[in-house]
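Asks: Got a structure for you, written out below as structure tokens; questions coming shortly.
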Amino acid sequence: MPLARDFFKLANIISCSRVLLMFYAFWHFLETDSNISFFLLTILVIVLDAVDGIVARALREESKLGAKLDIYCDRVVELGYWYFFAYQHYIGFWVFSFFLVRGLVVDFLSAKLSKPLGDSFLRSSRFMRFFYGFLKLSSFALLILGFDMNLAHIFVYLTVLICFLRALPLFFKSRL
């Protein structure tokens, strides 16, 4: 039963709660049409991504299961938001499709490596991980708040570009 015991660690519960909170945010927005509460719930979903790692390290709950669960929950949340925005016609469906295909390919290639993030600046540096997260959060925030959709789309396209560039080292390392 070690797998079940690992699953119910606080950090893993926080990771999984992000997915449930994301669905609640979508439902709440569709029911109330409140951009502000959708924005605040989205911020909470994103912040909890950092919190789960902090909790895992602080409580010494780090595990292989937790690392995988965090990655899978990140992927579900990211794809969930891109799909929601495409479904609402805030962005083209191609954006969601890009992130879906890129995620599948990167996850497949990463599964064969001992260090999934690799050791390249584009994939593993704190700066690039922060910058990519900042672009995603900015894209989501601008799409939700809807002040300037042209600016929102610029951030979306920058996010797509950085996402593509971050995948390149993995493609070269796996010799595709």
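Chain labels A, B, ... are given in the sequence in which chains occur in the structure tokens; within each chain residues are numbered consecutively from 1, and ligands are likewise numbered from 1 in the order shown.
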Would you list the contacts of Met149 of chain A as a ChimeraX atom specification, taking every protein, DNA or RNA residue within 10 Å and counting only C-alpha atoms, but skipping same-chain residues closer than 5 positions in sequence?

Replies: /A:90-91,139,142-144,154-155

Asks: Show which residues sit within 8 Å of segment 160-174 of chain A, as an mmCIF file with all heavy atoms, in the first residue's frame. Count only C-alpha atoms, and ignore same-chain residues fewer than 3 positions away.

Replies:
data_model
loop_
_atom_site.group_PDB
_atom_site.id
_atom_site.type_symbol
_atom_site.label_atom_id
_atom_site.label_comp_id
_atom_site.auth_asym_id
_atom_site.auth_seq_id
_atom_site.Cartn_x
_atom_site.Cartn_y
_atom_site.Cartn_z
ATOM 1 N N VAL A 95 -4.600 26.864 -30.957
ATOM 2 C CA VAL A 95 -3.749 27.093 -29.786
ATOM 3 C C VAL A 95 -3.881 25.906 -28.833
ATOM 4 O O VAL A 95 -2.879 25.337 -28.383
ATOM 5 C CB VAL A 95 -4.098 28.416 -29.074
ATOM 6 C CG1 VAL A 95 -3.303 28.574 -27.781
ATOM 7 C CG2 VAL A 95 -3.879 29.602 -29.999
ATOM 8 N N PHE A 98 -2.192 22.916 -30.398
ATOM 9 C CA PHE A 98 -0.738 23.008 -30.296
ATOM 10 C C PHE A 98 -0.263 22.518 -28.933
ATOM 11 O O PHE A 98 0.654 21.694 -28.835
ATOM 12 C CB PHE A 98 -0.250 24.443 -30.528
ATOM 13 C CG PHE A 98 1.192 24.636 -30.138
ATOM 14 C CD1 PHE A 98 2.205 24.263 -31.000
ATOM 15 C CD2 PHE A 98 1.526 25.157 -28.897
ATOM 16 C CE1 PHE A 98 3.542 24.414 -30.630
ATOM 17 C CE2 PHE A 98 2.844 25.313 -28.524
ATOM 18 C CZ PHE A 98 3.864 24.935 -29.388
ATOM 19 N N PHE A 99 -0.876 23.035 -27.854
ATOM 20 C CA PHE A 99 -0.449 22.650 -26.509
ATOM 21 C C PHE A 99 -0.721 21.169 -26.235
ATOM 22 O O PHE A 99 0.069 20.507 -25.558
ATOM 23 C CB PHE A 99 -1.109 23.532 -25.447
ATOM 24 C CG PHE A 99 -0.467 24.881 -25.337
ATOM 25 C CD1 PHE A 99 -1.038 25.984 -25.942
ATOM 26 C CD2 PHE A 99 0.723 25.043 -24.648
ATOM 27 C CE1 PHE A 99 -0.435 27.238 -25.850
ATOM 28 C CE2 PHE A 99 1.341 26.286 -24.556
ATOM 29 C CZ PHE A 99 0.755 27.383 -25.167
ATOM 30 N N ARG A 102 1.976 19.212 -28.415
ATOM 31 C CA ARG A 102 3.293 19.461 -27.827
ATOM 32 C C ARG A 102 3.423 18.724 -26.505
ATOM 33 O O ARG A 102 4.432 18.099 -26.216
ATOM 34 C CB ARG A 102 3.510 20.961 -27.647
ATOM 35 C CG ARG A 102 4.894 21.330 -27.141
ATOM 36 C CD ARG A 102 4.857 21.568 -25.670
ATOM 37 N NE ARG A 102 6.136 22.012 -25.144
ATOM 38 C CZ ARG A 102 6.414 21.998 -23.869
ATOM 39 N NH1 ARG A 102 5.531 21.568 -23.008
ATOM 40 N NH2 ARG A 102 7.580 22.403 -23.431
ATOM 41 N N VAL A 106 6.186 15.849 -25.881
ATOM 42 C CA VAL A 106 7.197 16.118 -24.852
ATOM 43 C C VAL A 106 7.103 15.083 -23.727
ATOM 44 O O VAL A 106 8.120 14.575 -23.257
ATOM 45 C CB VAL A 106 7.065 17.561 -24.318
ATOM 46 C CG1 VAL A 106 7.811 17.746 -23.007
ATOM 47 C CG2 VAL A 106 7.569 18.540 -25.360
ATOM 48 N N LEU A 109 8.612 11.801 -24.998
ATOM 49 C CA LEU A 109 10.069 11.859 -25.070
ATOM 50 C C LEU A 109 10.700 11.962 -23.684
ATOM 51 O O LEU A 109 11.754 11.379 -23.432
ATOM 52 C CB LEU A 109 10.514 13.038 -25.940
ATOM 53 C CG LEU A 109 10.134 12.963 -27.417
ATOM 54 C CD1 LEU A 109 10.517 14.248 -28.133
ATOM 55 C CD2 LEU A 109 10.781 11.758 -28.085
ATOM 56 N N SER A 110 10.056 12.696 -22.782
ATOM 57 C CA SER A 110 10.590 12.864 -21.428
ATOM 58 C C SER A 110 10.566 11.561 -20.641
ATOM 59 O O SER A 110 11.413 11.337 -19.778
ATOM 60 C CB SER A 110 9.792 13.908 -20.656
ATOM 61 O OG SER A 110 9.952 15.175 -21.226
ATOM 62 N N GLY A 118 15.694 17.871 -18.372
ATOM 63 C CA GLY A 118 16.975 18.024 -19.039
ATOM 64 C C GLY A 118 17.833 19.023 -18.293
ATOM 65 O O GLY A 118 17.540 19.411 -17.171
ATOM 66 N N SER A 120 19.116 21.881 -20.077
ATOM 67 C CA SER A 120 19.254 23.059 -20.929
ATOM 68 C C SER A 120 18.637 24.282 -20.253
ATOM 69 O O SER A 120 17.724 24.160 -19.439
ATOM 70 C CB SER A 120 18.570 22.829 -22.283
ATOM 71 O OG SER A 120 17.177 22.885 -22.125
ATOM 72 N N LEU A 122 16.751 26.513 -21.624
ATOM 73 C CA LEU A 122 15.366 26.707 -22.060
ATOM 74 C C LEU A 122 14.381 25.852 -21.273
ATOM 75 O O LEU A 122 13.258 26.261 -21.029
ATOM 76 C CB LEU A 122 15.223 26.397 -23.550
ATOM 77 C CG LEU A 122 15.769 27.441 -24.505
ATOM 78 C CD1 LEU A 122 15.767 26.910 -25.929
ATOM 79 C CD2 LEU A 122 14.966 28.725 -24.418
ATOM 80 N N ARG A 123 14.786 24.657 -20.888
ATOM 81 C CA ARG A 123 13.859 23.745 -20.221
ATOM 82 C C ARG A 123 13.924 23.800 -18.704
ATOM 83 O O ARG A 123 12.907 23.706 -18.041
ATOM 84 C CB ARG A 123 14.088 22.305 -20.679
ATOM 85 C CG ARG A 123 13.552 22.095 -22.055
ATOM 86 C CD ARG A 123 13.358 20.672 -22.454
ATOM 87 N NE ARG A 123 12.713 19.768 -21.546
ATOM 88 C CZ ARG A 123 11.402 19.645 -21.389
ATOM 89 N NH1 ARG A 123 10.584 20.421 -22.069
ATOM 90 N NH2 ARG A 123 10.898 18.764 -20.572
ATOM 91 N N TYR A 132 8.030 31.409 -18.575
ATOM 92 C CA TYR A 132 6.954 30.674 -19.245
ATOM 93 C C TYR A 132 5.672 30.720 -18.395
ATOM 94 O O TYR A 132 4.578 30.979 -18.908
ATOM 95 C CB TYR A 132 7.394 29.234 -19.509
ATOM 96 C CG TYR A 132 6.343 28.386 -20.149
ATOM 97 C CD1 TYR A 132 5.825 28.711 -21.394
ATOM 98 C CD2 TYR A 132 5.867 27.243 -19.530
ATOM 99 C CE1 TYR A 132 4.855 27.933 -21.999
ATOM 100 C CE2 TYR A 132 4.906 26.448 -20.118
ATOM 101 C CZ TYR A 132 4.399 26.802 -21.349
ATOM 102 O OH TYR A 132 3.435 26.031 -21.935
ATOM 103 N N VAL A 156 -0.640 35.354 -25.802
ATOM 104 C CA VAL A 156 -0.904 33.961 -26.175
ATOM 105 C C VAL A 156 0.126 33.494 -27.199
ATOM 106 O O VAL A 156 0.718 32.413 -27.057
ATOM 107 C CB VAL A 156 -2.341 33.791 -26.724
ATOM 108 C CG1 VAL A 156 -2.525 32.421 -27.383
ATOM 109 C CG2 VAL A 156 -3.366 34.008 -25.617
ATOM 110 N N TYR A 157 0.381 34.299 -28.222
ATOM 111 C CA TYR A 157 1.343 33.909 -29.265
ATOM 112 C C TYR A 157 2.760 33.810 -28.704
ATOM 113 O O TYR A 157 3.519 32.916 -29.081
ATOM 114 C CB TYR A 157 1.300 34.875 -30.443
ATOM 115 C CG TYR A 157 -0.058 34.949 -31.104
ATOM 116 C CD1 TYR A 157 -0.531 36.137 -31.637
ATOM 117 C CD2 TYR A 157 -0.891 33.841 -31.177
ATOM 118 C CE1 TYR A 157 -1.782 36.217 -32.231
ATOM 119 C CE2 TYR A 157 -2.144 33.910 -31.766
ATOM 120 C CZ TYR A 157 -2.583 35.094 -32.291
ATOM 121 O OH TYR A 157 -3.820 35.166 -32.865
#

Asks: So what do you get for atom CA of Phe26 of chain A versus atom CA of Phe93 of chain A, distance-wise?

Replies: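 Separation of atom CA of Phe26 of chain A and atom CA of Phe93 of chain A: 17.5 Å.
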
Asks: Can you pull out the residues contacting Phe140 of chain A? Cut-off 10 Å, using only C-alpha atoms, and skip same-chain residues under 6 positions away; I want them as a PyMOL selection string.

Replies: chain A and resi 39+42-43+78+81-82+85+134+146+152+155-156

Asks: I need the residues from that last selection saved to file as a tab-separated table (two decimals), in the first residue's frame (with all heavy atoms), if you can.

Replies:
chain	number	residue	atom	x	y	z
A	39	PHE	N	-11.09	35.32	-12.53
A	39	PHE	CA	-9.69	35.74	-12.48
A	39	PHE	C	-9.06	35.34	-11.14
A	39	PHE	O	-7.97	34.77	-11.10
A	39	PHE	CB	-9.60	37.26	-12.68
A	39	PHE	CG	-8.24	37.84	-12.44
A	39	PHE	CD1	-7.22	37.63	-13.36
A	39	PHE	CD2	-7.99	38.59	-11.31
A	39	PHE	CE1	-5.95	38.17	-13.14
A	39	PHE	CE2	-6.74	39.13	-11.09
A	39	PHE	CZ	-5.71	38.92	-12.00
A	42	THR	N	-8.59	31.64	-10.86
A	42	THR	CA	-7.48	31.23	-11.73
A	42	THR	C	-6.14	31.53	-11.06
A	42	THR	O	-5.22	30.70	-11.10
A	42	THR	CB	-7.59	31.92	-13.11
A	42	THR	OG1	-8.82	31.52	-13.72
A	42	THR	CG2	-6.42	31.54	-14.00
A	43	ILE	N	-6.03	32.68	-10.44
A	43	ILE	CA	-4.80	33.03	-9.71
A	43	ILE	C	-4.56	31.98	-8.62
A	43	ILE	O	-3.43	31.50	-8.44
A	43	ILE	CB	-4.90	34.44	-9.09
A	43	ILE	CG1	-4.99	35.51	-10.18
A	43	ILE	CG2	-3.73	34.71	-8.15
A	43	ILE	CD1	-3.75	35.63	-11.05
A	78	GLU	N	-3.28	23.27	-17.49
A	78	GLU	CA	-2.89	24.07	-18.65
A	78	GLU	C	-3.81	23.78	-19.85
A	78	GLU	O	-4.37	24.69	-20.45
A	78	GLU	CB	-1.44	23.76	-19.03
A	78	GLU	CG	-0.98	24.50	-20.26
A	78	GLU	CD	0.46	24.16	-20.64
A	78	GLU	OE1	0.84	22.98	-20.59
A	78	GLU	OE2	1.18	25.10	-21.01
A	81	TYR	N	-7.44	25.13	-19.36
A	81	TYR	CA	-7.62	26.56	-19.63
A	81	TYR	C	-7.56	26.86	-21.13
A	81	TYR	O	-8.38	27.62	-21.65
A	81	TYR	CB	-6.60	27.40	-18.86
A	81	TYR	CG	-7.09	27.73	-17.46
A	81	TYR	CD1	-6.73	26.93	-16.38
A	81	TYR	CD2	-7.91	28.81	-17.23
A	81	TYR	CE1	-7.19	27.21	-15.11
A	81	TYR	CE2	-8.38	29.11	-15.96
A	81	TYR	CZ	-8.02	28.30	-14.90
A	81	TYR	OH	-8.48	28.58	-13.64
A	82	TRP	N	-6.59	26.26	-21.82
A	82	TRP	CA	-6.50	26.53	-23.27
A	82	TRP	C	-7.77	26.05	-23.98
A	82	TRP	O	-8.29	26.73	-24.86
A	82	TRP	CB	-5.26	25.89	-23.88
A	82	TRP	CG	-3.97	26.51	-23.46
A	82	TRP	CD1	-2.90	25.88	-22.92
A	82	TRP	CD2	-3.58	27.90	-23.58
A	82	TRP	NE1	-1.89	26.78	-22.66
A	82	TRP	CE2	-2.27	28.02	-23.06
A	82	TRP	CE3	-4.21	29.04	-24.05
A	82	TRP	CZ2	-1.59	29.24	-23.01
A	82	TRP	CZ3	-3.53	30.25	-23.99
A	82	TRP	CH2	-2.25	30.35	-23.48
A	85	PHE	N	-10.72	28.49	-23.19
A	85	PHE	CA	-10.63	29.74	-23.95
A	85	PHE	C	-10.93	29.50	-25.43
A	85	PHE	O	-11.54	30.36	-26.09
A	85	PHE	CB	-9.26	30.40	-23.78
A	85	PHE	CG	-9.02	30.90	-22.39
A	85	PHE	CD1	-7.85	30.60	-21.72
A	85	PHE	CD2	-9.97	31.68	-21.72
A	85	PHE	CE1	-7.63	31.05	-20.43
A	85	PHE	CE2	-9.75	32.14	-20.43
A	85	PHE	CZ	-8.58	31.83	-19.78
A	134	PHE	N	4.90	33.00	-16.19
A	134	PHE	CA	4.43	34.39	-16.24
A	134	PHE	C	3.64	34.65	-17.53
A	134	PHE	O	2.58	35.28	-17.50
A	134	PHE	CB	5.62	35.35	-16.14
A	134	PHE	CG	5.26	36.78	-16.43
A	134	PHE	CD1	4.63	37.56	-15.49
A	134	PHE	CD2	5.55	37.33	-17.68
A	134	PHE	CE1	4.28	38.87	-15.77
A	134	PHE	CE2	5.20	38.64	-17.97
A	134	PHE	CZ	4.57	39.42	-17.01
A	146	GLY	N	-10.35	40.61	-20.35
A	146	GLY	CA	-10.85	41.11	-21.62
A	146	GLY	C	-10.69	42.60	-21.88
A	146	GLY	O	-11.45	43.17	-22.66
A	152	ALA	N	-3.94	40.52	-25.30
A	152	ALA	CA	-4.09	39.14	-24.83
A	152	ALA	C	-3.56	38.16	-25.87
A	152	ALA	O	-2.83	37.23	-25.55
A	152	ALA	CB	-5.56	38.84	-24.52
A	155	PHE	N	0.21	38.02	-25.99
A	155	PHE	CA	0.74	37.17	-24.93
A	155	PHE	C	0.51	35.69	-25.23
A	155	PHE	O	1.37	34.85	-24.95
A	155	PHE	CB	0.14	37.56	-23.57
A	155	PHE	CG	0.93	38.61	-22.86
A	155	PHE	CD1	0.74	39.96	-23.16
A	155	PHE	CD2	1.88	38.26	-21.92
A	155	PHE	CE1	1.48	40.93	-22.52
A	155	PHE	CE2	2.62	39.23	-21.27
A	155	PHE	CZ	2.43	40.57	-21.58
A	156	VAL	N	-0.64	35.35	-25.80
A	156	VAL	CA	-0.90	33.96	-26.17
A	156	VAL	C	0.13	33.49	-27.20
A	156	VAL	O	0.72	32.41	-27.06
A	156	VAL	CB	-2.34	33.79	-26.72
A	156	VAL	CG1	-2.53	32.42	-27.38
A	156	VAL	CG2	-3.37	34.01	-25.62

Asks: Record the distance separating atom CA of Ala25 of chain A and atom CA of Val105 of chain A, expressed in Å with one decimal.

Replies: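 Atom CA of Val105 of chain A lies at a distance of 28.2 Å from atom CA of Ala25 of chain A.
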
Asks: Which parts of segment 26-118 of chain A does DSSP call helix (DSSP H, G or I) when run on the backbone here, written out as a VMD selection string?

Replies: chain A and resid 26 to 32 35 to 58 64 to 87 93 to 111

Asks: Give the answer as one residue: which of A:Leu30, A:Met22, A:Leu145, A:Leu135 has the shortest atom-to-atom distance to Leu158 of chain A, using only C-alpha atoms?

Replies: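 Of all the options, A:Leu135 lies closest to Leu158 of chain A.
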
Asks: For a test of reading the model, state the distance in Å between atom CA of Ser15 of chain A and atom CA of Ala58 of chain A, rounded to one decimal.

Replies: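 Between these atoms lies a distance of 15.2 Å.
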
Asks: For Phe29 of chain A, find every residue with an atom within 10 Å (counting only C-alpha atoms), except residues of its own chain fewer than 6 positions away, and show them as a ChimeraX atom specification.

Replies: /A:23,35-39,41,144

Asks: Kindly export the residues of the current selection with N, CA and C atoms, as a PDB file, in the first residue's frame.

Replies:
ATOM      1  N   PHE A  23     -12.075  23.313 -12.577  1.00  0.00           N
ATOM      2  CA  PHE A  23     -13.418  23.025 -13.074  1.00  0.00           C
ATOM      3  C   PHE A  23     -14.470  23.877 -12.363  1.00  0.00           C
ATOM      4  N   ASN A  35     -16.140  37.923 -14.376  1.00  0.00           N
ATOM      5  CA  ASN A  35     -14.731  37.850 -14.774  1.00  0.00           C
ATOM      6  C   ASN A  35     -13.803  37.982 -13.573  1.00  0.00           C
ATOM      7  N   ILE A  36     -14.177  38.799 -12.610  1.00  0.00           N
ATOM      8  CA  ILE A  36     -13.310  39.042 -11.456  1.00  0.00           C
ATOM      9  C   ILE A  36     -13.152  37.774 -10.625  1.00  0.00           C
ATOM     10  N   SER A  37     -14.256  37.086 -10.321  1.00  0.00           N
ATOM     11  CA  SER A  37     -14.119  35.863  -9.526  1.00  0.00           C
ATOM     12  C   SER A  37     -13.405  34.774 -10.327  1.00  0.00           C
ATOM     13  N   PHE A  38     -13.640  34.719 -11.642  1.00  0.00           N
ATOM     14  CA  PHE A  38     -12.928  33.760 -12.489  1.00  0.00           C
ATOM     15  C   PHE A  38     -11.434  34.065 -12.463  1.00  0.00           C
ATOM     16  N   PHE A  39     -11.088  35.321 -12.533  1.00  0.00           N
ATOM     17  CA  PHE A  39      -9.692  35.742 -12.477  1.00  0.00           C
ATOM     18  C   PHE A  39      -9.065  35.338 -11.139  1.00  0.00           C
ATOM     19  N   LEU A  41     -10.051  33.032  -8.954  1.00  0.00           N
ATOM     20  CA  LEU A  41      -9.956  31.576  -8.851  1.00  0.00           C
ATOM     21  C   LEU A  41      -8.796  31.044  -9.701  1.00  0.00           C
ATOM     22  N   ILE A 144      -9.214  36.494 -19.571  1.00  0.00           N
ATOM     23  CA  ILE A 144     -10.334  36.522 -18.625  1.00  0.00           C
ATOM     24  C   ILE A 144     -10.855  37.939 -18.449  1.00  0.00           C
TER      25      ILE A 144
END

Asks: As a list in words, please: the residues near Leu79 of chain A (cut-off 9 Å, only C-alpha atoms, same-chain neighbours under 5 positions excluded).

Replies: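 Using only C-alpha atoms, the neighbours found are Asp74, Phe84, Phe96, Phe99, Leu100 and Gly103 of chain A.
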
Asks: For those residues, write all heavy atoms to a file as an mmCIF file, in the first residue's frame.

Replies:
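Produced file out36.cif, reproduced below:
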data_model
loop_
_atom_site.group_PDB
_atom_site.id
_atom_site.type_symbol
_atom_site.label_atom_id
_atom_site.label_comp_id
_atom_site.auth_asym_id
_atom_site.auth_seq_id
_atom_site.Cartn_x
_atom_site.Cartn_y
_atom_site.Cartn_z
ATOM 1 N N ASP A 74 -0.437 19.686 -13.626
ATOM 2 C CA ASP A 74 -0.058 20.889 -14.375
ATOM 3 C C ASP A 74 -0.578 20.804 -15.807
ATOM 4 O O ASP A 74 -1.121 21.769 -16.342
ATOM 5 C CB ASP A 74 1.464 21.063 -14.414
ATOM 6 C CG ASP A 74 2.070 21.448 -13.084
ATOM 7 O OD1 ASP A 74 1.313 21.801 -12.158
ATOM 8 O OD2 ASP A 74 3.312 21.385 -12.967
ATOM 9 N N PHE A 84 -10.797 25.727 -22.607
ATOM 10 C CA PHE A 84 -11.894 26.609 -22.211
ATOM 11 C C PHE A 84 -11.897 27.889 -23.036
ATOM 12 O O PHE A 84 -12.937 28.314 -23.540
ATOM 13 C CB PHE A 84 -11.804 26.928 -20.713
ATOM 14 C CG PHE A 84 -12.931 27.782 -20.225
ATOM 15 C CD1 PHE A 84 -14.152 27.224 -19.897
ATOM 16 C CD2 PHE A 84 -12.780 29.156 -20.090
ATOM 17 C CE1 PHE A 84 -15.209 28.005 -19.450
ATOM 18 C CE2 PHE A 84 -13.826 29.954 -19.645
ATOM 19 C CZ PHE A 84 -15.044 29.377 -19.321
ATOM 20 N N PHE A 96 -5.118 25.514 -28.540
ATOM 21 C CA PHE A 96 -5.327 24.336 -27.697
ATOM 22 C C PHE A 96 -4.684 23.108 -28.340
ATOM 23 O O PHE A 96 -3.996 22.335 -27.661
ATOM 24 C CB PHE A 96 -6.820 24.079 -27.464
ATOM 25 C CG PHE A 96 -7.094 22.703 -26.934
ATOM 26 C CD1 PHE A 96 -6.809 22.391 -25.613
ATOM 27 C CD2 PHE A 96 -7.605 21.717 -27.769
ATOM 28 C CE1 PHE A 96 -7.046 21.109 -25.132
ATOM 29 C CE2 PHE A 96 -7.841 20.438 -27.291
ATOM 30 C CZ PHE A 96 -7.567 20.138 -25.966
ATOM 31 N N PHE A 99 -0.876 23.035 -27.854
ATOM 32 C CA PHE A 99 -0.449 22.650 -26.509
ATOM 33 C C PHE A 99 -0.721 21.169 -26.235
ATOM 34 O O PHE A 99 0.069 20.507 -25.558
ATOM 35 C CB PHE A 99 -1.109 23.532 -25.447
ATOM 36 C CG PHE A 99 -0.467 24.881 -25.337
ATOM 37 C CD1 PHE A 99 -1.038 25.984 -25.942
ATOM 38 C CD2 PHE A 99 0.723 25.043 -24.648
ATOM 39 C CE1 PHE A 99 -0.435 27.238 -25.850
ATOM 40 C CE2 PHE A 99 1.341 26.286 -24.556
ATOM 41 C CZ PHE A 99 0.755 27.383 -25.167
ATOM 42 N N LEU A 100 -1.810 20.651 -26.775
ATOM 43 C CA LEU A 100 -2.118 19.230 -26.605
ATOM 44 C C LEU A 100 -1.064 18.354 -27.280
ATOM 45 O O LEU A 100 -0.495 17.462 -26.654
ATOM 46 C CB LEU A 100 -3.509 18.909 -27.157
ATOM 47 C CG LEU A 100 -3.920 17.442 -27.122
ATOM 48 C CD1 LEU A 100 -4.008 16.945 -25.681
ATOM 49 C CD2 LEU A 100 -5.243 17.257 -27.843
ATOM 50 N N GLY A 103 2.386 18.760 -25.674
ATOM 51 C CA GLY A 103 2.421 18.069 -24.390
ATOM 52 C C GLY A 103 2.563 16.565 -24.545
ATOM 53 O O GLY A 103 3.347 15.929 -23.839
#

Asks: Between A:Thr32, A:Ala141, A:Gly53, A:Leu20, which one has atoms that come closest to Ala67 of chain A, using only C-alpha atoms?

Replies: A:Gly53

Asks: Measuring atom to atom with only C-alpha atoms, identify which of A:Gly80, A:Lys68, A:Asn12, A:Glu62 is nearest to Ser97 of chain A.

Replies: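 Closest to Ser97 of chain A of all the choices is A:Gly80.
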